[in-house]
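The next block is input-v3.tsv, given as TSV, N, CA and C atoms.
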chain	number	residue	atom	x	y	z
U	1	MET	N	33.16	-13.78	42.22
U	1	MET	CA	34.41	-13.69	42.92
U	1	MET	C	34.59	-14.96	43.75
U	2	TYR	N	35.80	-15.47	43.75
U	2	TYR	CA	36.17	-16.63	44.54
U	2	TYR	C	36.73	-16.17	45.89
U	3	THR	N	36.43	-16.92	46.94
U	3	THR	CA	37.01	-16.65	48.26
U	3	THR	C	37.44	-17.98	48.87
U	4	GLY	N	38.56	-17.96	49.58
U	4	GLY	CA	39.03	-19.20	50.19
U	4	GLY	C	40.34	-19.03	50.91
U	5	LEU	N	41.02	-20.15	51.09
U	5	LEU	CA	42.28	-20.20	51.80
U	5	LEU	C	43.20	-21.19	51.08
U	6	ILE	N	44.42	-20.77	50.85
U	6	ILE	CA	45.44	-21.62	50.21
U	6	ILE	C	46.59	-21.82	51.19
U	7	ILE	N	47.06	-23.04	51.29
U	7	ILE	CA	48.30	-23.31	52.02
U	7	ILE	C	49.43	-23.07	51.03
U	8	LYS	N	50.22	-22.05	51.28
U	8	LYS	CA	51.27	-21.64	50.33
U	8	LYS	C	52.18	-22.80	49.97
U	9	GLU	N	52.48	-23.67	50.92
U	9	GLU	CA	53.38	-24.79	50.67
U	9	GLU	C	52.78	-25.81	49.71
U	10	SER	N	51.49	-25.70	49.41
U	10	SER	CA	50.85	-26.62	48.47
U	10	SER	C	51.01	-26.17	47.02
U	11	ILE	N	51.57	-25.00	46.82
U	11	ILE	CA	51.67	-24.42	45.49
U	11	ILE	C	53.07	-24.65	44.91
U	12	ALA	N	53.12	-25.27	43.74
U	12	ALA	CA	54.40	-25.51	43.07
U	12	ALA	C	54.82	-24.32	42.22
U	13	ASP	N	53.85	-23.51	41.79
U	13	ASP	CA	54.13	-22.36	40.92
U	13	ASP	C	53.60	-21.11	41.59
U	14	ASP	N	54.51	-20.33	42.18
U	14	ASP	CA	54.13	-19.13	42.94
U	14	ASP	C	53.49	-18.04	42.08
U	15	THR	N	53.59	-18.13	40.77
U	15	THR	CA	52.95	-17.10	39.95
U	15	THR	C	51.43	-17.13	40.10
U	16	LEU	N	50.89	-18.21	40.65
U	16	LEU	CA	49.46	-18.27	40.94
U	16	LEU	C	49.05	-17.10	41.84
U	17	LEU	N	49.95	-16.69	42.73
U	17	LEU	CA	49.64	-15.61	43.67
U	17	LEU	C	49.36	-14.30	42.95
U	18	ASP	N	49.77	-14.17	41.70
U	18	ASP	CA	49.47	-12.97	40.91
U	18	ASP	C	47.97	-12.85	40.63
U	19	TYR	N	47.23	-13.93	40.79
U	19	TYR	CA	45.80	-13.95	40.45
U	19	TYR	C	44.89	-13.84	41.68
U	20	ILE	N	45.48	-13.59	42.84
U	20	ILE	CA	44.66	-13.47	44.05
U	20	ILE	C	44.92	-12.14	44.75
U	21	ARG	N	43.96	-11.75	45.55
U	21	ARG	CA	44.13	-10.62	46.48
U	21	ARG	C	44.23	-11.24	47.87
U	22	ILE	N	45.35	-11.01	48.53
U	22	ILE	CA	45.58	-11.61	49.84
U	22	ILE	C	44.85	-10.79	50.90
U	23	ILE	N	44.02	-11.49	51.68
U	23	ILE	CA	43.23	-10.85	52.74
U	23	ILE	C	43.92	-11.00	54.09
U	24	GLY	N	44.58	-12.13	54.30
U	24	GLY	CA	45.27	-12.37	55.56
U	24	GLY	C	46.22	-13.54	55.44
U	25	VAL	N	47.16	-13.61	56.37
U	25	VAL	CA	48.16	-14.69	56.39
U	25	VAL	C	48.34	-15.16	57.83
U	26	GLU	N	48.37	-16.48	58.01
U	26	GLU	CA	48.64	-17.09	59.31
U	26	GLU	C	49.69	-18.17	59.12
U	27	ILE	N	50.45	-18.44	60.18
U	27	ILE	CA	51.41	-19.55	60.18
U	27	ILE	C	50.82	-20.63	61.09
U	28	TRP	N	50.69	-21.85	60.57
U	28	TRP	CA	50.14	-22.97	61.33
U	28	TRP	C	51.23	-24.00	61.59
U	29	LYS	N	51.39	-24.43	62.84
U	29	LYS	CA	52.29	-25.52	63.18
U	29	LYS	C	51.52	-26.82	62.97
U	30	THR	N	52.14	-27.79	62.30
U	30	THR	CA	51.47	-29.04	61.98
U	30	THR	C	52.32	-30.23	62.42
U	31	ASP	N	51.72	-31.40	62.31
U	31	ASP	CA	52.46	-32.64	62.55
U	31	ASP	C	52.92	-33.25	61.22
U	32	ASN	N	52.78	-32.49	60.15
U	32	ASN	CA	53.09	-32.97	58.81
U	32	ASN	C	54.43	-32.41	58.34
U	33	THR	N	54.72	-32.68	57.09
U	33	THR	CA	55.88	-32.09	56.44
U	33	THR	C	55.36	-31.22	55.32
U	34	PRO	N	55.72	-29.97	55.23
U	34	PRO	CA	56.59	-29.26	56.17
U	34	PRO	C	55.90	-29.02	57.52
U	35	ARG	N	56.71	-28.74	58.53
U	35	ARG	CA	56.22	-28.60	59.91
U	35	ARG	C	55.34	-27.37	60.10
U	36	TYR	N	55.61	-26.31	59.34
U	36	TYR	CA	54.83	-25.08	59.42
U	36	TYR	C	54.20	-24.79	58.06
U	37	TRP	N	52.94	-24.42	58.08
U	37	TRP	CA	52.22	-24.07	56.85
U	37	TRP	C	51.86	-22.60	56.90
U	38	THR	N	51.91	-21.96	55.74
U	38	THR	CA	51.50	-20.57	55.60
U	38	THR	C	50.11	-20.56	54.99
U	39	ALA	N	49.12	-20.17	55.79
U	39	ALA	CA	47.72	-20.16	55.36
U	39	ALA	C	47.39	-18.76	54.84
U	40	VAL	N	47.02	-18.69	53.56
U	40	VAL	CA	46.75	-17.42	52.90
U	40	VAL	C	45.26	-17.33	52.56
U	41	SER	N	44.55	-16.41	53.23
U	41	SER	CA	43.15	-16.15	52.91
U	41	SER	C	43.13	-15.23	51.70
U	42	PHE	N	42.23	-15.50	50.75
U	42	PHE	CA	42.27	-14.76	49.49
U	42	PHE	C	40.89	-14.54	48.89
U	43	THR	N	40.87	-13.63	47.93
U	43	THR	CA	39.78	-13.50	46.96
U	43	THR	C	40.42	-13.48	45.59
U	44	SER	N	39.64	-13.83	44.58
U	44	SER	CA	40.14	-13.77	43.20
U	44	SER	C	38.98	-13.48	42.27
U	45	GLU	N	39.22	-12.62	41.31
U	45	GLU	CA	38.24	-12.32	40.28
U	45	GLU	C	38.66	-12.90	38.93
U	46	CYS	N	39.69	-13.71	38.94
U	46	CYS	CA	40.19	-14.35	37.71
U	46	CYS	C	39.20	-15.44	37.29
U	47	GLY	N	38.60	-15.30	36.13
U	47	GLY	CA	37.56	-16.22	35.67
U	47	GLY	C	37.99	-17.67	35.60
U	48	ASP	N	39.23	-17.94	35.23
U	48	ASP	CA	39.69	-19.32	35.12
U	48	ASP	C	40.61	-19.70	36.29
U	49	PHE	N	40.39	-19.07	37.43
U	49	PHE	CA	41.21	-19.35	38.62
U	49	PHE	C	41.23	-20.83	39.00
U	50	PRO	N	40.09	-21.54	39.01
U	50	PRO	CA	40.14	-22.96	39.37
U	50	PRO	C	41.10	-23.77	38.48
U	51	GLU	N	41.08	-23.49	37.19
U	51	GLU	CA	41.95	-24.21	36.26
U	51	GLU	C	43.41	-23.83	36.47
U	52	LYS	N	43.68	-22.54	36.68
U	52	LYS	CA	45.05	-22.11	36.95
U	52	LYS	C	45.59	-22.77	38.23
U	53	LEU	N	44.75	-22.82	39.25
U	53	LEU	CA	45.14	-23.44	40.51
U	53	LEU	C	45.43	-24.92	40.32
U	54	SER	N	44.61	-25.61	39.53
U	54	SER	CA	44.82	-27.06	39.33
U	54	SER	C	46.16	-27.34	38.66
U	55	LYS	N	46.67	-26.39	37.91
U	55	LYS	CA	47.98	-26.55	37.27
U	55	LYS	C	49.12	-26.19	38.23
U	56	ALA	N	48.84	-25.28	39.19
U	56	ALA	CA	49.88	-24.76	40.08
U	56	ALA	C	50.05	-25.57	41.36
U	57	ILE	N	49.04	-26.33	41.75
U	57	ILE	CA	49.11	-27.07	43.01
U	57	ILE	C	50.08	-28.25	42.88
U	58	LYS	N	50.73	-28.59	43.96
U	58	LYS	CA	51.70	-29.69	43.95
U	58	LYS	C	51.00	-31.04	43.81
U	59	ALA	N	51.63	-31.91	43.07
U	59	ALA	CA	51.19	-33.30	43.02
U	59	ALA	C	51.67	-33.99	44.29
U	60	SER	N	50.94	-34.98	44.73
U	60	SER	CA	51.31	-35.71	45.94
U	60	SER	C	51.98	-37.02	45.57
U	61	CYS	N	53.03	-37.35	46.30
U	61	CYS	CA	53.67	-38.65	46.15
U	61	CYS	C	53.09	-39.58	47.22
U	62	GLU	N	53.23	-40.86	47.01
U	62	GLU	CA	52.70	-41.84	47.96
U	62	GLU	C	53.24	-41.58	49.36
U	63	GLY	N	52.33	-41.57	50.33
U	63	GLY	CA	52.70	-41.35	51.72
U	63	GLY	C	52.79	-39.89	52.13
U	64	GLU	N	52.66	-38.98	51.18
U	64	GLU	CA	52.71	-37.55	51.48
U	64	GLU	C	51.31	-36.99	51.66
U	65	VAL	N	51.25	-35.76	52.15
U	65	VAL	CA	49.99	-35.03	52.24
U	65	VAL	C	49.41	-34.90	50.83
U	66	VAL	N	48.12	-35.15	50.69
U	66	VAL	CA	47.44	-34.91	49.42
U	66	VAL	C	46.97	-33.46	49.46
U	67	TRP	N	47.61	-32.62	48.65
U	67	TRP	CA	47.29	-31.20	48.65
U	67	TRP	C	46.01	-30.96	47.88
U	68	TYR	N	45.16	-30.12	48.44
U	68	TYR	CA	43.97	-29.64	47.75
U	68	TYR	C	43.61	-28.27	48.32
U	69	VAL	N	42.80	-27.55	47.59
U	69	VAL	CA	42.32	-26.25	48.04
U	69	VAL	C	40.81	-26.26	47.90
U	70	ASP	N	40.12	-25.82	48.96
U	70	ASP	CA	38.67	-25.64	48.83
U	70	ASP	C	38.38	-24.15	48.92
U	71	PHE	N	37.49	-23.69	48.06
U	71	PHE	CA	37.08	-22.30	48.03
U	71	PHE	C	35.70	-22.24	47.39
U	72	GLN	N	35.15	-21.05	47.29
U	72	GLN	CA	33.80	-20.94	46.76
U	72	GLN	C	33.58	-19.64	46.02
U	73	ASP	N	32.49	-19.64	45.27
U	73	ASP	CA	31.96	-18.40	44.72
U	73	ASP	C	30.53	-18.29	45.22
U	74	GLU	N	29.75	-17.43	44.63
U	74	GLU	CA	28.38	-17.21	45.11
U	74	GLU	C	27.50	-18.45	44.98
U	75	LYS	N	27.77	-19.31	44.00
U	75	LYS	CA	26.89	-20.45	43.72
U	75	LYS	C	27.52	-21.82	43.97
U	76	HIS	N	28.83	-21.92	43.90
U	76	HIS	CA	29.49	-23.22	43.91
U	76	HIS	C	30.58	-23.33	44.97
U	77	LYS	N	30.80	-24.56	45.40
U	77	LYS	CA	31.94	-24.94	46.22
U	77	LYS	C	32.92	-25.65	45.29
U	78	TYR	N	34.20	-25.30	45.36
U	78	TYR	CA	35.24	-25.90	44.52
U	78	TYR	C	36.23	-26.64	45.40
U	79	ILE	N	36.63	-27.80	44.94
U	79	ILE	CA	37.73	-28.55	45.54
U	79	ILE	C	38.71	-28.81	44.39
U	80	VAL	N	39.93	-28.31	44.55
U	80	VAL	CA	40.92	-28.40	43.48
U	80	VAL	C	42.11	-29.20	43.93
U	81	LEU	N	42.44	-30.21	43.16
U	81	LEU	CA	43.63	-31.03	43.34
U	81	LEU	C	44.50	-30.85	42.09
U	82	LYS	N	45.65	-31.45	42.07
U	82	LYS	CA	46.53	-31.37	40.90
U	82	LYS	C	45.77	-31.84	39.66
U	83	ASP	N	45.64	-30.97	38.67
U	83	ASP	CA	44.99	-31.25	37.38
U	83	ASP	C	43.53	-31.68	37.50
U	84	THR	N	42.87	-31.34	38.61
U	84	THR	CA	41.48	-31.74	38.82
U	84	THR	C	40.71	-30.61	39.49
U	85	VAL	N	39.58	-30.23	38.87
U	85	VAL	CA	38.67	-29.25	39.46
U	85	VAL	C	37.34	-29.95	39.70
U	86	LEU	N	36.94	-30.03	40.96
U	86	LEU	CA	35.66	-30.61	41.35
U	86	LEU	C	34.79	-29.47	41.88
U	87	LYS	N	33.49	-29.54	41.62
U	87	LYS	CA	32.62	-28.50	42.17
U	87	LYS	C	31.20	-29.03	42.28
U	88	TYR	N	30.43	-28.36	43.13
U	88	TYR	CA	29.00	-28.65	43.27
U	88	TYR	C	28.32	-27.36	43.72
U	89	ARG	N	27.02	-27.29	43.49
U	89	ARG	CA	26.25	-26.12	43.91
U	89	ARG	C	26.07	-26.15	45.43
U	90	HIS	N	26.12	-24.98	46.03
U	90	HIS	CA	25.87	-24.87	47.47
U	90	HIS	C	24.54	-25.54	47.80
U	91	GLY	N	24.55	-26.36	48.83
U	91	GLY	CA	23.34	-27.03	49.28
U	91	GLY	C	23.02	-28.33	48.57
U	92	ASP	N	23.76	-28.68	47.53
U	92	ASP	CA	23.53	-29.92	46.76
U	92	ASP	C	24.20	-31.09	47.49
U	93	LYS	N	23.44	-31.79	48.32
U	93	LYS	CA	24.00	-32.87	49.13
U	93	LYS	C	24.53	-34.02	48.28
U	94	GLU	N	23.83	-34.36	47.20
U	94	GLU	CA	24.31	-35.44	46.31
U	94	GLU	C	25.60	-35.03	45.62
U	95	GLY	N	25.65	-33.77	45.16
U	95	GLY	CA	26.87	-33.27	44.52
U	95	GLY	C	28.05	-33.26	45.47
U	96	LYS	N	27.80	-32.83	46.73
U	96	LYS	CA	28.86	-32.82	47.73
U	96	LYS	C	29.34	-34.24	48.00
U	97	HIS	N	28.41	-35.17	48.12
U	97	HIS	CA	28.77	-36.58	48.37
U	97	HIS	C	29.65	-37.11	47.24
U	98	ALA	N	29.28	-36.82	46.00
U	98	ALA	CA	30.07	-37.29	44.85
U	98	ALA	C	31.48	-36.70	44.87
U	99	VAL	N	31.58	-35.41	45.19
U	99	VAL	CA	32.90	-34.76	45.27
U	99	VAL	C	33.71	-35.38	46.41
U	100	CYS	N	33.07	-35.62	47.55
U	100	CYS	CA	33.78	-36.23	48.69
U	100	CYS	C	34.31	-37.62	48.32
U	101	GLN	N	33.51	-38.39	47.59
U	101	GLN	CA	33.96	-39.72	47.17
U	101	GLN	C	35.19	-39.63	46.28
U	102	LYS	N	35.20	-38.67	45.36
U	102	LYS	CA	36.37	-38.50	44.48
U	102	LYS	C	37.59	-38.07	45.29
U	103	CYS	N	37.38	-37.24	46.31
U	103	CYS	CA	38.48	-36.81	47.16
U	103	CYS	C	39.07	-37.99	47.94
U	104	ILE	N	38.21	-38.84	48.46
U	104	ILE	CA	38.67	-40.03	49.19
U	104	ILE	C	39.47	-40.94	48.25
U	105	GLU	N	38.98	-41.12	47.03
U	105	GLU	CA	39.69	-41.92	46.02
U	105	GLU	C	41.06	-41.33	45.71
U	106	ALA	N	41.18	-40.00	45.80
U	106	ALA	CA	42.45	-39.32	45.53
U	106	ALA	C	43.41	-39.39	46.71
U	107	GLY	N	42.92	-39.88	47.87
U	107	GLY	CA	43.79	-40.04	49.03
U	107	GLY	C	43.58	-39.02	50.14
U	108	ILE	N	42.58	-38.17	50.02
U	108	ILE	CA	42.29	-37.21	51.08
U	108	ILE	C	41.57	-37.94	52.21
U	109	LYS	N	42.00	-37.69	53.43
U	109	LYS	CA	41.41	-38.34	54.59
U	109	LYS	C	39.99	-37.85	54.81
U	110	LYS	N	39.12	-38.78	55.19
U	110	LYS	CA	37.70	-38.49	55.38
U	110	LYS	C	37.48	-37.33	56.36
U	111	GLU	N	38.28	-37.27	57.42
U	111	GLU	CA	38.12	-36.21	58.41
U	111	GLU	C	38.48	-34.82	57.88
U	112	GLN	N	39.10	-34.75	56.71
U	112	GLN	CA	39.42	-33.46	56.10
U	112	GLN	C	38.31	-32.94	55.19
U	113	LEU	N	37.25	-33.70	55.07
U	113	LEU	CA	36.19	-33.34	54.14
U	113	LEU	C	35.05	-32.59	54.83
U	114	ASP	N	35.39	-31.79	55.81
U	114	ASP	CA	34.39	-31.08	56.60
U	114	ASP	C	34.33	-29.59	56.26
U	115	TRP	N	34.63	-29.25	55.03
U	115	TRP	CA	34.67	-27.84	54.63
U	115	TRP	C	33.29	-27.19	54.76
U	116	SER	N	33.31	-25.87	54.96
U	116	SER	CA	32.06	-25.12	55.06
U	116	SER	C	31.64	-24.64	53.68
U	117	GLU	N	30.38	-24.24	53.60
U	117	GLU	CA	29.87	-23.69	52.32
U	117	GLU	C	29.51	-22.24	52.52
Write-out of the structure in structure tokens:
Amino acid sequence: MYTGLIIKESIADDTLLDYIRIIGVEIWKTDNTPRYWTAVSFTSECGDFPEKLSKAIKASCEGEVVWYVDFQDEKHKYIVLKDTVLKYRHGDKEGKHAVCQKCIEAGIKKEQLDWSE
């Protein structure tokens, strides 16, 4: 089972929500665009959820927020960007470093790479 948090505004295709069980919802005020984000805590038992999410997440244009979702299952941490699924085993420092490098190359700010496992 996957568990994590999705910013609803990062999703281009809302049908993705059909594949999750919503655990909680919060509204976050940000300094970004859009000004308010809807944070959805979820679980999913959909086997190909990472791939479905990679198709549903918004692509980023230059100068915009680079949308990604981090979540996990029992063994792996997943970082999903538009058309990209990155993962590493929990506790694998080299794997995490490699994923972080790919995230930086994609435009994610270094200070955003502090996800928990």
Considering all atoms listed in the file, give me a table of residues in region 46-71 of chain U that are at most 7 Å from region 77-92 of chain U, with the closest atom pair and distance in Å for each, as a tab-separated table.
residue	atom	partner	partner_atom	distance
U:Pro50	C	U:Val85	CA	6.1
U:Glu51	N	U:Val85	CA	6.6
U:Leu53	C	U:Leu81	C	6.3
U:Ser54	C	U:Asp83	N	3.7
U:Lys55	N	U:Asp83	N	4.8
U:Ala56	N	U:Asp83	N	6.5
U:Ile57	C	U:Lys82	CA	5.1
U:Lys58	C	U:Lys82	CA	5.3
U:Ala59	CA	U:Lys82	CA	5.5
U:Ser60	N	U:Lys82	CA	6.9
U:Trp67	C	U:Leu81	CA	5.1
U:Tyr68	CA	U:Val80	C	4.3
U:Val69	C	U:Val80	N	4.0
U:Asp70	CA	U:Tyr78	C	4.3
U:Phe71	C	U:Tyr78	N	4.0
- Query: Out of region 22-117 of chain U, which residues get strand (DSSP E) from DSSP, as a ChimeraX atom specification?
  - Reply: /U:22-29,36-44,69-72,76-81,84-89
Pairwise distance, CA of Asp13 (chain U) with atom N of Glu117 (chain U), equals 27.0 Å
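The residue that comes closest to Arg21 (chain U), out of U:Ser44, U:Gly107, U:Cys100, U:Gln72 and on the basis of all atoms listed in the file, is U:Ser44.
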For Tyr36 (chain U), the closest of U:Glu9, U:Asp73, U:Glu94, U:Glu105 counting only C-alpha atoms is U:Glu9
Would you return as a PyMOL selection string the members of region 13-70 of chain U that DSSP assigns to helix (DSSP H, G or I) on this structure's backbone?
-> chain U and resi 14-19+49-56
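Counting only C-alpha atoms, the residue from U:Ile11, U:Ile6, U:Met1, U:Trp115 that sits nearest to Ala39 (chain U) is U:Ile6.
Across U:Thr38, U:Ser116, U:Asn32, U:Gln101, the tightest approach to Lys8 (chain U) is made by U:Thr38 when counting all atoms listed in the file.
You can rank U:Ala98, U:Ile104, U:Val40, U:Val66 by their closest distance to Ile27 (chain U) using only N, CA and C atoms, and at the top of that list sits U:Val40.
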Here atom C of Ile22 (chain U) and atom C of Cys46 (chain U) stand apart by 15.5 Å
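Between Ile7 (chain U) and the residues U:Ser41, U:Ile23, U:Gln112, U:Asp31, the shortest atom-to-atom distance, using only C-alpha atoms, involves U:Ser41.
Straight-line separation from atom N of Tyr2 (chain U) to atom C of Phe42 (chain U): 7.3 Å.
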